[in-house]
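File shown: query09.cif. Contents: mmCIF, C-alpha atoms and all ligand atoms.
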data_work
#
loop_
_atom_site.label_atom_id
_atom_site.label_comp_id
_atom_site.auth_asym_id
_atom_site.auth_seq_id
_atom_site.Cartn_x
_atom_site.Cartn_y
_atom_site.Cartn_z
CA MET A 1412 -148.66 -139.02 -122.80
CA ASN A 1413 -145.57 -138.78 -120.65
CA ILE A 1414 -143.68 -141.21 -122.86
CA ALA A 1415 -144.58 -139.08 -125.89
CA ASP A 1416 -143.51 -135.90 -124.06
CA SER A 1417 -140.20 -137.49 -123.02
CA GLU A 1418 -139.44 -138.60 -126.57
CA ASN A 1419 -140.32 -135.11 -127.78
CA VAL A 1420 -137.87 -133.44 -125.39
CA VAL A 1421 -135.07 -135.91 -126.10
CA SER A 1422 -135.58 -135.48 -129.85
CA MET A 1423 -135.45 -131.68 -129.43
CA LEU A 1424 -132.15 -131.91 -127.55
CA ILE A 1425 -130.54 -134.40 -129.91
CA ASN A 1426 -131.65 -132.47 -132.99
CA SER A 1427 -129.82 -129.44 -131.58
CA GLY A 1428 -126.63 -131.40 -132.22
CA ASP A 1429 -124.94 -131.27 -128.82
CA PHE A 1430 -126.50 -134.15 -126.94
CA GLU A 1431 -126.55 -137.92 -126.96
CA ILE A 1432 -128.30 -140.53 -124.86
CA THR A 1433 -126.44 -142.50 -122.22
CA ASN A 1434 -127.47 -145.55 -120.26
CA ASN A 1435 -125.13 -144.61 -117.44
CA ILE A 1436 -126.74 -142.25 -114.95
CA ASN A 1437 -123.43 -141.87 -113.08
CA GLN A 1438 -121.70 -140.31 -116.07
CA THR A 1439 -124.35 -138.13 -117.57
CA ASP A 1440 -124.30 -134.30 -117.73
CA VAL A 1441 -128.08 -133.91 -117.85
CA ILE A 1442 -130.86 -135.83 -116.12
CA ILE A 1443 -134.47 -135.15 -117.09
CA VAL A 1444 -137.12 -136.66 -114.84
CA ASN A 1445 -140.61 -136.72 -116.29
CA THR A 1446 -143.26 -136.96 -113.59
CA CYS A 1447 -146.92 -137.92 -113.17
CA SER A 1448 -149.35 -136.82 -110.49
CA VAL A 1449 -152.49 -138.77 -111.31
CA ARG A 1450 -152.13 -140.72 -108.05
CA LYS A 1451 -150.19 -140.07 -104.84
CA HIS A 1452 -148.28 -143.33 -105.30
CA ALA A 1453 -146.60 -141.97 -108.45
CA GLU A 1454 -145.60 -138.75 -106.67
CA ASP A 1455 -144.09 -140.68 -103.73
CA ARG A 1456 -141.91 -142.75 -106.06
CA GLU A 1457 -140.85 -139.66 -108.00
CA GLU A 1458 -139.88 -137.80 -104.82
CA SER A 1459 -137.73 -140.66 -103.68
CA PHE A 1460 -136.07 -140.92 -107.13
CA ILE A 1461 -135.35 -137.18 -107.26
CA GLY A 1462 -134.03 -137.21 -103.67
CA ASN A 1463 -131.52 -139.88 -104.67
CA LEU A 1464 -130.13 -137.67 -107.43
CA LYS A 1465 -128.61 -135.30 -104.86
CA LYS A 1466 -125.55 -137.51 -104.44
CA LEU A 1467 -124.85 -137.34 -108.18
CA LYS A 1468 -125.06 -133.54 -108.09
CA ILE A 1469 -122.60 -133.47 -105.18
CA LYS A 1470 -120.14 -135.58 -107.19
CA ASN A 1471 -120.60 -133.48 -110.33
CA GLU A 1472 -121.58 -129.86 -109.83
CA GLU A 1473 -121.92 -129.35 -113.59
CA LEU A 1474 -124.72 -131.91 -113.74
CA LYS A 1475 -128.05 -130.37 -114.76
CA ILE A 1476 -131.20 -131.87 -113.27
CA ILE A 1477 -134.52 -131.00 -114.88
CA ILE A 1478 -137.98 -132.02 -113.69
CA LEU A 1479 -140.86 -132.07 -116.16
CA GLY A 1480 -144.43 -133.34 -116.06
CA CYS A 1481 -147.62 -133.01 -114.07
CA PHE A 1482 -145.99 -133.27 -110.63
CA ALA A 1483 -143.72 -130.37 -111.62
CA GLN A 1484 -146.84 -128.42 -112.52
CA ASN A 1485 -148.70 -129.38 -109.40
CA ALA A 1486 -146.05 -128.83 -106.76
CA LYS A 1487 -143.39 -126.58 -108.27
CA LEU A 1488 -142.79 -124.53 -105.12
CA GLU A 1489 -142.70 -127.52 -102.79
CA LEU A 1490 -140.31 -129.34 -105.13
CA GLN A 1491 -138.05 -126.27 -105.34
CA LYS A 1492 -137.94 -126.10 -101.54
CA LYS A 1493 -137.44 -129.80 -101.01
CA PHE A 1494 -134.86 -130.28 -103.79
CA PRO A 1495 -132.90 -127.01 -104.11
CA PHE A 1496 -130.22 -128.83 -106.13
CA VAL A 1497 -132.65 -129.21 -109.07
CA ASP A 1498 -131.85 -126.76 -111.90
CA LEU A 1499 -135.21 -126.44 -113.64
CA ILE A 1500 -138.82 -127.42 -113.00
CA VAL A 1501 -141.28 -127.10 -115.91
CA GLY A 1502 -144.85 -128.39 -116.07
CA PRO A 1503 -147.03 -129.14 -119.13
CA LEU A 1504 -148.74 -125.73 -119.04
CA ASP A 1505 -145.37 -124.20 -120.04
CA TYR A 1506 -144.39 -126.78 -122.67
CA GLU A 1507 -145.17 -124.36 -125.49
CA TYR A 1508 -142.12 -122.38 -124.34
CA LEU A 1509 -139.98 -125.42 -123.62
CA ALA A 1510 -137.62 -124.85 -126.56
CA GLU A 1511 -136.86 -121.31 -125.35
CA ILE A 1512 -136.52 -122.44 -121.73
CA LEU A 1513 -134.10 -125.25 -122.65
CA SER A 1514 -132.17 -122.93 -125.01
CA ASN A 1515 -131.63 -120.61 -122.03
CA VAL A 1516 -130.60 -123.36 -119.65
CA PHE A 1517 -128.13 -124.91 -122.09
CA GLN A 1518 -127.09 -121.69 -123.86
CA ARG A 1519 -127.71 -123.28 -127.24
CA ASN A 1520 -130.28 -122.98 -129.95
CA ILE A 1521 -132.86 -125.68 -129.27
CA SER A 1522 -135.70 -125.68 -131.75
CA LYS A 1523 -139.35 -126.54 -131.21
CA ASN A 1524 -139.63 -127.82 -134.78
CA TYR A 1525 -137.78 -131.00 -134.07
CA LYS A 1526 -137.98 -134.16 -136.16
CA TYR A 1527 -138.99 -137.32 -134.34
CA LEU A 1528 -135.86 -139.46 -134.18
CA ASN A 1529 -137.16 -142.82 -132.97
CA LEU A 1530 -134.13 -143.06 -130.71
CA PHE A 1531 -135.34 -146.27 -129.12
CA ASN A 1532 -135.99 -148.06 -132.44
CA LYS A 1533 -139.63 -148.45 -131.78
CA VAL A 1534 -142.05 -150.22 -134.09
CA SER A 1535 -144.98 -148.35 -132.60
CA VAL A 1536 -144.99 -144.60 -131.97
CA PHE A 1537 -147.30 -142.34 -129.96
CA VAL A 1538 -148.75 -139.36 -131.79
CA PRO A 1539 -150.55 -136.85 -129.54
CA ILE A 1540 -153.63 -135.52 -131.31
CA MET A 1541 -154.72 -133.28 -128.48
CA THR A 1542 -153.61 -131.94 -125.13
CA GLY A 1543 -155.45 -131.19 -121.91
CA CYS A 1544 -158.92 -132.17 -120.79
CA ASP A 1545 -162.19 -130.32 -120.12
CA ASN A 1546 -164.11 -133.09 -118.43
CA TYR A 1547 -163.33 -132.39 -114.79
CA CYS A 1548 -164.08 -135.86 -113.47
CA SER A 1549 -164.31 -135.04 -109.78
CA TYR A 1550 -161.34 -137.22 -108.73
CA CYS A 1551 -158.93 -136.21 -111.48
CA ILE A 1552 -156.07 -133.74 -111.45
CA VAL A 1553 -155.40 -133.82 -115.20
CA PRO A 1554 -157.45 -130.71 -116.18
CA TYR A 1555 -155.54 -128.72 -113.55
CA VAL A 1556 -152.06 -129.80 -114.58
CA ARG A 1557 -152.52 -130.22 -118.35
CA GLY A 1558 -154.92 -127.36 -118.98
CA ARG A 1559 -157.88 -127.01 -121.34
CA GLU A 1560 -158.53 -129.51 -124.10
CA LYS A 1561 -156.90 -128.46 -127.35
CA SER A 1562 -156.87 -130.48 -130.58
CA ARG A 1563 -153.81 -130.34 -132.82
CA SER A 1564 -154.23 -129.28 -136.43
CA LEU A 1565 -155.11 -131.97 -138.92
CA ASP A 1566 -152.21 -131.07 -141.25
CA GLU A 1567 -149.70 -131.23 -138.43
CA ILE A 1568 -150.93 -134.67 -137.38
CA LEU A 1569 -151.02 -136.03 -140.95
CA ASP A 1570 -147.53 -134.67 -141.73
CA GLU A 1571 -146.14 -136.24 -138.59
CA ILE A 1572 -147.71 -139.60 -139.41
CA LYS A 1573 -146.54 -139.52 -143.06
CA ASN A 1574 -143.03 -138.90 -141.81
CA LEU A 1575 -143.30 -141.85 -139.39
CA LEU A 1576 -144.63 -144.16 -142.11
CA TYR A 1577 -141.79 -143.06 -144.38
CA LYS A 1578 -139.45 -144.17 -141.60
CA ASP A 1579 -141.17 -147.55 -141.63
CA ILE A 1580 -143.03 -147.23 -138.35
CA LYS A 1581 -145.68 -149.97 -138.38
CA GLU A 1582 -148.05 -148.76 -135.74
CA ILE A 1583 -149.33 -145.28 -134.92
CA VAL A 1584 -150.91 -144.81 -131.51
CA LEU A 1585 -153.06 -141.66 -131.40
CA ILE A 1586 -153.07 -140.35 -127.87
CA GLY A 1587 -154.94 -137.78 -125.84
CA GLN A 1588 -156.87 -137.67 -122.59
CA ASN A 1589 -160.06 -138.03 -124.55
CA VAL A 1590 -159.30 -138.78 -128.22
CA ASN A 1591 -162.87 -139.33 -129.28
CA SER A 1592 -163.70 -135.70 -128.56
CA TYR A 1593 -161.09 -134.53 -131.11
CA LYS A 1594 -162.40 -131.49 -132.99
CA TYR A 1595 -160.71 -129.23 -135.47
CA ILE A 1596 -161.93 -126.72 -138.04
CA ASP A 1597 -159.70 -126.88 -141.11
CA LYS A 1598 -158.73 -124.21 -143.66
CA GLU A 1599 -161.88 -124.86 -145.73
CA ASN A 1600 -163.94 -124.33 -142.60
CA SER A 1601 -164.93 -127.99 -142.43
CA TYR A 1602 -165.37 -129.68 -139.11
CA ILE A 1603 -163.04 -132.60 -138.47
CA GLY A 1604 -164.12 -134.86 -135.64
CA PHE A 1605 -162.39 -138.01 -134.45
CA SER A 1606 -164.03 -140.29 -137.03
CA GLU A 1607 -162.94 -137.98 -139.93
CA LEU A 1608 -159.44 -137.86 -138.49
CA LEU A 1609 -159.33 -141.66 -138.22
CA LYS A 1610 -160.51 -142.02 -141.85
CA LYS A 1611 -157.86 -139.64 -143.14
CA ILE A 1612 -155.12 -141.45 -141.25
CA ALA A 1613 -156.39 -144.91 -142.18
CA ASN A 1614 -156.38 -143.88 -145.85
CA LEU A 1615 -152.62 -143.22 -145.65
CA GLY A 1616 -152.30 -147.00 -145.49
CA VAL A 1617 -153.28 -147.68 -149.10
CA ASN A 1618 -149.73 -148.54 -150.16
CA LYS A 1619 -148.22 -149.41 -146.84
CA LYS A 1620 -149.42 -151.75 -144.15
CA PHE A 1621 -149.66 -150.16 -140.75
CA TRP A 1622 -152.03 -150.26 -137.78
CA ILE A 1623 -153.66 -147.36 -135.98
CA ARG A 1624 -154.46 -147.47 -132.30
CA PHE A 1625 -155.98 -144.75 -130.18
CA LEU A 1626 -156.44 -144.08 -126.50
CA THR A 1627 -158.18 -143.15 -124.39
CA ASN A 1628 -161.91 -142.66 -124.96
CA HIS A 1629 -164.65 -141.11 -122.89
CA PRO A 1630 -167.95 -143.03 -123.09
CA LYS A 1631 -169.92 -139.77 -123.46
CA ASP A 1632 -168.09 -139.03 -126.75
CA MET A 1633 -168.37 -142.49 -128.32
CA SER A 1634 -170.50 -142.32 -131.46
CA TYR A 1635 -171.82 -144.62 -134.16
CA GLU A 1636 -169.65 -142.75 -136.74
CA ILE A 1637 -166.50 -143.66 -134.83
CA ILE A 1638 -167.58 -147.29 -134.51
CA LYS A 1639 -168.48 -147.42 -138.21
CA THR A 1640 -165.07 -145.98 -139.15
CA ILE A 1641 -163.27 -148.61 -137.09
CA LYS A 1642 -165.39 -151.25 -138.79
CA ASP A 1643 -164.71 -149.91 -142.29
CA PHE A 1644 -160.93 -149.81 -141.97
CA PRO A 1645 -159.17 -153.09 -141.27
CA ASN A 1646 -156.00 -151.22 -140.28
CA VAL A 1647 -157.72 -149.55 -137.31
CA ALA A 1648 -157.23 -151.51 -134.10
CA ARG A 1649 -159.93 -153.90 -132.96
CA HIS A 1650 -159.52 -152.50 -129.49
CA ILE A 1651 -161.30 -149.73 -127.60
CA HIS A 1652 -160.15 -148.58 -124.20
CA LEU A 1653 -163.30 -147.22 -122.60
CA PRO A 1654 -162.93 -146.30 -118.93
CA LEU A 1655 -166.03 -147.21 -116.90
CA GLN A 1656 -164.62 -146.13 -113.48
CA SER A 1657 -167.56 -147.47 -111.46
CA GLY A 1658 -170.61 -149.70 -111.89
CA SER A 1659 -172.73 -147.65 -109.49
CA ASN A 1660 -174.79 -144.82 -110.96
CA ARG A 1661 -174.63 -142.94 -107.66
CA ILE A 1662 -170.83 -143.02 -107.71
CA LEU A 1663 -170.66 -142.21 -111.42
CA GLU A 1664 -172.67 -139.09 -110.73
CA LEU A 1665 -170.39 -138.10 -107.85
CA MET A 1666 -167.47 -138.71 -110.21
CA ASN A 1667 -169.07 -136.33 -112.76
CA ARG A 1668 -168.71 -138.95 -115.49
CA LYS A 1669 -171.90 -137.90 -117.35
CA TYR A 1670 -173.20 -141.40 -118.15
CA THR A 1671 -174.99 -144.22 -116.37
CA VAL A 1672 -174.04 -147.90 -116.34
CA GLU A 1673 -177.03 -148.57 -118.60
CA LYS A 1674 -175.78 -146.00 -121.14
CA TYR A 1675 -172.29 -147.47 -120.95
CA LYS A 1676 -173.67 -150.96 -121.65
CA GLN A 1677 -175.59 -149.61 -124.65
CA ILE A 1678 -172.35 -148.23 -126.07
CA VAL A 1679 -170.61 -151.56 -125.54
CA ASN A 1680 -173.48 -153.35 -127.28
CA MET A 1681 -173.32 -150.92 -130.19
CA ILE A 1682 -169.59 -151.62 -130.50
CA ARG A 1683 -169.96 -155.40 -130.27
CA ASP A 1684 -173.01 -155.54 -132.55
CA ASN A 1685 -171.10 -153.71 -135.27
CA ILE A 1686 -167.58 -155.02 -134.97
CA LYS A 1687 -166.82 -158.69 -134.63
CA ASP A 1688 -163.92 -159.72 -132.36
CA ILE A 1689 -163.20 -156.36 -130.80
CA ALA A 1690 -161.43 -156.09 -127.46
CA ILE A 1691 -162.85 -153.68 -124.88
CA THR A 1692 -160.69 -152.67 -121.95
CA THR A 1693 -161.36 -150.30 -119.10
CA ASP A 1694 -160.22 -148.34 -116.03
CA LEU A 1695 -161.93 -148.80 -112.66
CA ILE A 1696 -161.54 -146.93 -109.40
CA VAL A 1697 -162.36 -148.60 -106.08
CA GLY A 1698 -162.86 -146.83 -102.77
CA PHE A 1699 -164.18 -143.54 -104.13
CA PRO A 1700 -165.54 -141.48 -101.17
CA THR A 1701 -168.82 -142.88 -99.80
CA GLU A 1702 -168.58 -146.08 -101.92
CA THR A 1703 -170.70 -148.65 -100.03
CA GLU A 1704 -170.56 -152.46 -100.31
CA GLU A 1705 -173.70 -152.13 -102.42
CA ASP A 1706 -172.02 -149.67 -104.82
CA PHE A 1707 -169.05 -151.98 -105.06
CA LYS A 1708 -171.32 -154.96 -105.81
CA HIS A 1709 -172.75 -152.97 -108.72
CA THR A 1710 -169.21 -152.57 -110.08
CA LEU A 1711 -168.57 -156.32 -109.73
CA GLN A 1712 -171.87 -156.99 -111.50
CA ALA A 1713 -171.06 -154.55 -114.31
CA VAL A 1714 -167.70 -156.27 -114.83
CA LYS A 1715 -169.43 -159.68 -114.94
CA ASP A 1716 -172.02 -158.40 -117.41
CA ILE A 1717 -169.69 -156.51 -119.71
CA ARG A 1718 -166.70 -158.91 -119.61
CA PHE A 1719 -163.69 -156.70 -120.32
CA ASP A 1720 -160.63 -158.02 -122.12
CA SER A 1721 -158.57 -156.37 -119.40
CA ALA A 1722 -158.89 -153.65 -116.80
CA PHE A 1723 -156.66 -151.25 -114.93
CA VAL A 1724 -157.97 -151.07 -111.39
CA PHE A 1725 -156.95 -148.15 -109.17
CA LYS A 1726 -157.49 -147.37 -105.51
CA TYR A 1727 -158.94 -143.90 -105.10
CA SER A 1728 -156.26 -141.38 -104.23
CA PRO A 1729 -157.40 -137.90 -103.17
CA ARG A 1730 -155.84 -135.18 -105.34
CA GLU A 1731 -155.58 -131.60 -104.19
CA LYS A 1732 -157.75 -129.03 -106.01
CA THR A 1733 -160.20 -131.67 -107.27
CA LYS A 1734 -163.90 -131.56 -106.45
CA ALA A 1735 -163.86 -135.00 -104.81
CA THR A 1736 -161.66 -133.68 -102.01
CA GLU A 1737 -164.77 -131.89 -100.72
CA LEU A 1738 -165.87 -135.40 -99.76
CA LYS A 1739 -164.01 -137.20 -96.99
CA ASP A 1740 -161.68 -139.98 -98.18
CA ASP A 1741 -163.70 -142.26 -95.90
CA ILE A 1742 -163.03 -145.74 -97.27
CA PRO A 1743 -160.37 -147.38 -95.08
CA LYS A 1744 -157.15 -148.48 -96.78
CA GLU A 1745 -157.86 -152.17 -96.02
CA VAL A 1746 -161.31 -151.94 -97.62
CA LYS A 1747 -159.83 -150.28 -100.72
CA GLU A 1748 -157.24 -153.05 -100.87
CA GLU A 1749 -159.83 -155.80 -100.47
CA ARG A 1750 -162.07 -154.34 -103.19
CA HIS A 1751 -159.06 -153.82 -105.43
CA TYR A 1752 -158.05 -157.45 -105.01
CA LYS A 1753 -161.58 -158.79 -105.56
CA ILE A 1754 -162.18 -156.86 -108.72
CA LEU A 1755 -158.74 -157.52 -110.12
CA THR A 1756 -159.19 -161.27 -109.57
CA LEU A 1757 -162.56 -161.16 -111.32
CA CYS A 1758 -161.15 -159.14 -114.23
CA ASP A 1759 -158.16 -161.51 -114.55
CA ASN A 1760 -160.42 -164.57 -114.67
CA ILE A 1761 -162.64 -163.04 -117.33
CA ALA A 1762 -159.58 -161.98 -119.34
CA TYR A 1763 -158.26 -165.54 -119.14
CA GLN A 1764 -161.57 -166.97 -120.37
CA ILE A 1765 -161.67 -164.52 -123.29
CA ASN A 1766 -158.03 -165.14 -124.16
CA LYS A 1767 -158.56 -168.92 -124.20
CA SER A 1768 -160.98 -168.40 -127.08
CA TYR A 1769 -157.97 -167.28 -129.17
CA ILE A 1770 -156.44 -170.77 -129.07
CA ASN A 1771 -156.12 -172.27 -132.57
CA LYS A 1772 -156.86 -168.94 -134.24
CA ILE A 1773 -154.42 -167.63 -136.82
CA LYS A 1774 -153.59 -163.99 -136.13
CA ASP A 1775 -151.51 -161.27 -137.70
CA VAL A 1776 -148.97 -160.32 -135.04
CA LEU A 1777 -146.84 -157.20 -135.20
CA ILE A 1778 -143.51 -158.10 -133.60
CA HIS A 1779 -142.32 -155.28 -131.31
CA SER A 1780 -139.24 -156.73 -129.68
CA TYR A 1781 -137.55 -159.89 -128.41
CA VAL A 1782 -136.19 -161.12 -125.09
CA ASN A 1783 -133.66 -163.80 -124.24
CA LYS A 1784 -135.02 -166.25 -121.66
CA ASN A 1785 -133.08 -169.28 -120.41
CA GLY A 1786 -131.06 -169.39 -123.61
CA ASN A 1787 -134.14 -169.07 -125.86
CA VAL A 1788 -135.19 -166.12 -127.92
CA ILE A 1789 -138.82 -165.07 -127.47
CA LEU A 1790 -140.40 -162.64 -129.90
CA ILE A 1791 -142.94 -160.30 -128.31
CA GLY A 1792 -145.73 -158.94 -130.44
CA LYS A 1793 -149.30 -157.70 -130.42
CA THR A 1794 -152.45 -158.70 -132.27
CA ILE A 1795 -154.75 -156.04 -133.69
CA GLU A 1796 -156.88 -156.51 -130.53
CA ASN A 1797 -153.82 -155.42 -128.51
CA LYS A 1798 -153.22 -158.90 -127.06
CA THR A 1799 -149.59 -159.57 -126.26
CA VAL A 1800 -148.21 -162.67 -127.97
CA GLU A 1801 -145.00 -164.54 -127.10
CA ILE A 1802 -143.44 -166.62 -129.85
CA PHE A 1803 -140.50 -168.98 -129.36
CA SER A 1804 -138.42 -168.18 -132.43
CA ASP A 1805 -134.89 -167.01 -133.03
CA LYS A 1806 -135.97 -164.89 -136.02
CA LYS A 1807 -134.97 -161.60 -134.43
CA ASN A 1808 -135.17 -159.98 -137.86
CA PHE A 1809 -138.96 -160.33 -137.62
CA VAL A 1810 -139.04 -157.34 -135.26
CA GLY A 1811 -141.01 -154.64 -137.08
CA ASN A 1812 -142.88 -157.15 -139.25
CA PHE A 1813 -146.40 -158.53 -139.33
CA VAL A 1814 -146.19 -162.28 -138.89
CA LYS A 1815 -148.98 -164.87 -139.33
CA THR A 1816 -149.14 -166.69 -136.03
CA LYS A 1817 -151.18 -169.58 -134.69
CA ILE A 1818 -152.19 -169.12 -131.05
CA VAL A 1819 -151.39 -172.36 -129.23
CA ASP A 1820 -151.64 -171.47 -125.54
CA VAL A 1821 -152.61 -168.76 -123.06
CA LYS A 1822 -150.79 -167.53 -119.96
CA PHE A 1823 -153.51 -165.34 -118.36
CA HIS A 1824 -152.91 -162.02 -120.13
CA THR A 1825 -150.42 -163.29 -122.71
CA LEU A 1826 -151.06 -165.50 -125.70
CA VAL A 1827 -148.44 -168.00 -126.85
CA GLY A 1828 -148.06 -168.36 -130.60
CA GLU A 1829 -146.26 -170.28 -133.34
CA ILE A 1830 -145.32 -168.71 -136.64
CA VAL A 1831 -147.23 -170.27 -139.51
CA GLY A 1832 -146.10 -168.29 -142.50
N1 LIG B 1901 -158.19 -139.29 -119.68
C1 LIG B 1901 -158.13 -140.63 -119.35
C2 LIG B 1901 -157.57 -140.98 -118.01
C3 LIG B 1901 -156.37 -140.38 -117.50
S1 LIG B 1901 -155.94 -140.91 -115.90
C4 LIG B 1901 -159.52 -141.16 -119.34
O1 LIG B 1901 -160.44 -140.49 -118.94
O2 LIG B 1901 -159.64 -142.30 -119.68
C5 LIG B 1901 -156.00 -142.68 -116.06
C6 LIG B 1901 -156.88 -143.34 -115.04
O3 LIG B 1901 -156.39 -143.08 -113.74
C7 LIG B 1901 -158.33 -142.87 -115.00
O4 LIG B 1901 -159.12 -143.46 -115.98
C8 LIG B 1901 -158.75 -143.28 -113.62
O5 LIG B 1901 -159.24 -144.61 -113.60
C9 LIG B 1901 -157.45 -143.24 -112.82
N2 LIG B 1901 -157.42 -142.10 -111.91
C10 LIG B 1901 -157.42 -140.78 -112.21
N3 LIG B 1901 -157.41 -140.04 -111.09
C11 LIG B 1901 -157.42 -140.91 -110.05
C12 LIG B 1901 -157.45 -140.76 -108.63
N4 LIG B 1901 -157.48 -139.55 -108.05
N5 LIG B 1901 -157.43 -141.88 -107.87
C13 LIG B 1901 -157.42 -143.10 -108.44
N6 LIG B 1901 -157.41 -143.31 -109.76
C14 LIG B 1901 -157.42 -142.22 -110.56
FE1 LIG B 1902 -159.24 -137.04 -115.94
FE2 LIG B 1902 -161.76 -137.41 -116.61
FE3 LIG B 1902 -160.21 -135.90 -118.15
FE4 LIG B 1902 -159.80 -138.53 -118.05
S1 LIG B 1902 -161.64 -137.51 -118.83
S2 LIG B 1902 -158.25 -136.93 -117.90
S3 LIG B 1902 -160.29 -139.02 -115.95
S4 LIG B 1902 -160.83 -135.43 -116.06
#
How does the structure come out when it is put into structure tokens?
Amino acid sequence: MNIADSENVVSMLINSGDFEITNNINQTDVIIVNTCSVRKHAEDREESFIGNLKKLKIKNEELKIIILGCFAQNAKLELQKKFPFVDLIVGPLDYEYLAEILSNVFQRNISKNYKYLNLFNKVSVFVPIMTGCDNYCSYCIVPYVRGREKSRSLDEILDEIKNLLYKDIKEIVLIGQNVNSYKYIDKENSYIGFSELLKKIANLGVNKKFWIRFLTNHPKDMSYEIIKTIKDFPNVARHIHLPLQSGSNRILELMNRKYTVEKYKQIVNMIRDNIKDIAITTDLIVGFPTETEEDFKHTLQAVKDIRFDSAFVFKYSPREKTKATELKDDIPKEVKEERHYKILTLCDNIAYQINKSYINKIKDVLIHSYVNKNGNVILIGKTIENKTVEIFSDKKNFVGNFVKTKIVDVKFHTLVGEIVG
């Protein structure tokens, strides 16, 4: 979401005609720092980065420093006090006025109706379909810093995607805190849910090959209609990111996640029974307040039973304002670290086993970029299951193309491929 917001702001500025991007932070006139506050660790890094900008401001008094994002929303006053040299602090709740705010700061006409410029030559572009979140998981700060859930209009989303396809973008990533709860009532008073939205977008691909990804999903909003739509459209990713968070029903209840492990497993079965070769990935939190060894064992067991293609594992970080702060953050740091390590090792091993089953398969790979390594060019791409593939090939012009690739090896999370056609 932050990447999409950053690209949005940069496109707005560049479209106004007076700005360009520089790679040199020492020579720039404007620095925009986009921040996150989902965990304390992110905030600590951001504070240290912003603190370091002071020396640039001393060298160049004209330099404008702007802080955006959830941290700006969460701690505006503290940031103002701590970093008085910062010119502007704006959080997501004020983004609807961002064009006006920036116009004031820069004394120029900066328009909200910008055109996406793809300044970084990306093959895959994020398209927000909604903002905010209404779920109030007890540990999570997002509803407080991003506001209520609001779905964007269908026409706006379709127009944006048509424009991206016209510009030859090959992959559209629909984003939102909870995409599968998308809901919109259109001009004809018909209800558009996430599966209808997916169908309409997938149908744009009749004359043009492109893939659609989406993240992230809440298990409570996963339905058969969505699964059926994914199944029916080969251009919709064979990948569902479905955060489980914990394998203990007691902890899930304390987290206010609104499902049990058994329900979660049923959803996974429904997905796997209907769609062959689909990757399922997840988020897990260890060390939530009161999490016992027994609770943790349930999470390990759930991971063993479900076998995720990959998992993001986080150590619980208490966030101000959230319900979970009423509970004491009682799991010692070392225990959180140990559980984090154990579960990550388990998830990595399972991912490796799953990825080995790709060997000898021929896959369509969308090439995103290339790197130079020890004098060789390596193309980096993704399969429709969102597996990263490295291909030794000097065909840099393949970036932005779908390439038939035989998987010949696996390096834990990365597949190694050879072009076959
Ligand atoms: N809306 C998304 C998640 C956004 S935050 C969703 O529900 O999937 C991404 C992940 O960060 C969450 O899934 C959760 O695993 C983790 N997270 C959020 N708040 C956290 C906290 N206070 N401590 C540790 N991890 C947290
Ligand atoms: Fe946070 Fe839960 Fe909303 Fe995700 S669904 S953003 S974890 S409150």
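Counting all atoms listed in the file, the residue from A:Ala1453, A:Ile1689, A:Ala1648, A:Cys1447 that sits nearest to A:Val1556 is A:Cys1447.
Restricting the atom set to all atoms listed in the file, one finds that the residues within 6 Å of ligand LIG 1902 (chain B) amount to Cys1544, Asn1546, Tyr1547, Cys1548, Cys1551, Val1553, Pro1554, Gln1588 and Asn1589 of chain A.
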Residues of chain A that have any atom at most 9 Å from an atom of ligand LIG 1901 (chain B): could you tabulate them with the shortest-distance atom pair and the distance in Å to one decimal, using all atoms listed in the file, ordered by chain and increasing number, as a tab-separated table?
residue	atom	partner	partner_atom	distance
A:Ser1448	CA	B:LIG1901	N3	8.7
A:Val1449	CA	B:LIG1901	N3	5.1
A:Arg1450	CA	B:LIG1901	C12	5.4
A:Lys1451	CA	B:LIG1901	N4	8.0
A:Gly1543	CA	B:LIG1901	N1	8.8
A:Cys1544	CA	B:LIG1901	N1	7.2
A:Asn1546	CA	B:LIG1901	O1	8.3
A:Cys1548	CA	B:LIG1901	O1	8.0
A:Ser1549	CA	B:LIG1901	N4	8.4
A:Tyr1550	CA	B:LIG1901	N4	4.6
A:Cys1551	CA	B:LIG1901	N3	4.1
A:Ile1552	CA	B:LIG1901	N3	6.5
A:Val1553	CA	B:LIG1901	C3	7.0
A:Gly1587	CA	B:LIG1901	N1	7.1
A:Gln1588	CA	B:LIG1901	N1	3.6
A:Asn1589	CA	B:LIG1901	N1	5.4
A:Val1590	CA	B:LIG1901	N1	8.6
A:Leu1626	CA	B:LIG1901	O2	7.7
A:Thr1627	CA	B:LIG1901	O2	5.0
A:Asn1628	CA	B:LIG1901	O2	5.8
A:His1629	CA	B:LIG1901	O1	5.8
A:Pro1630	CA	B:LIG1901	O1	8.9
A:His1652	CA	B:LIG1901	O2	7.8
A:Leu1653	CA	B:LIG1901	O2	6.8
A:Pro1654	CA	B:LIG1901	O2	5.2
A:Leu1655	CA	B:LIG1901	O4	7.9
A:Gln1656	CA	B:LIG1901	O5	5.6
A:Thr1693	CA	B:LIG1901	O4	7.8
A:Asp1694	CA	B:LIG1901	O5	4.6
A:Leu1695	CA	B:LIG1901	O5	5.1
A:Ile1696	CA	B:LIG1901	O5	5.3
A:Val1697	CA	B:LIG1901	C13	7.8
A:Gly1698	CA	B:LIG1901	C13	8.7
A:Phe1699	CA	B:LIG1901	N5	7.9
A:Phe1723	CA	B:LIG1901	O5	7.2
A:Val1724	CA	B:LIG1901	O5	6.9
A:Phe1725	CA	B:LIG1901	N6	4.9
A:Lys1726	CA	B:LIG1901	C13	5.2
A:Tyr1727	CA	B:LIG1901	N5	3.7
A:Ser1728	CA	B:LIG1901	N5	3.9
A:Pro1729	CA	B:LIG1901	N4	5.2
A:Arg1730	CA	B:LIG1901	N4	5.4
A:Thr1733	CA	B:LIG1901	N4	8.4
A:Ala1735	CA	B:LIG1901	N4	8.5
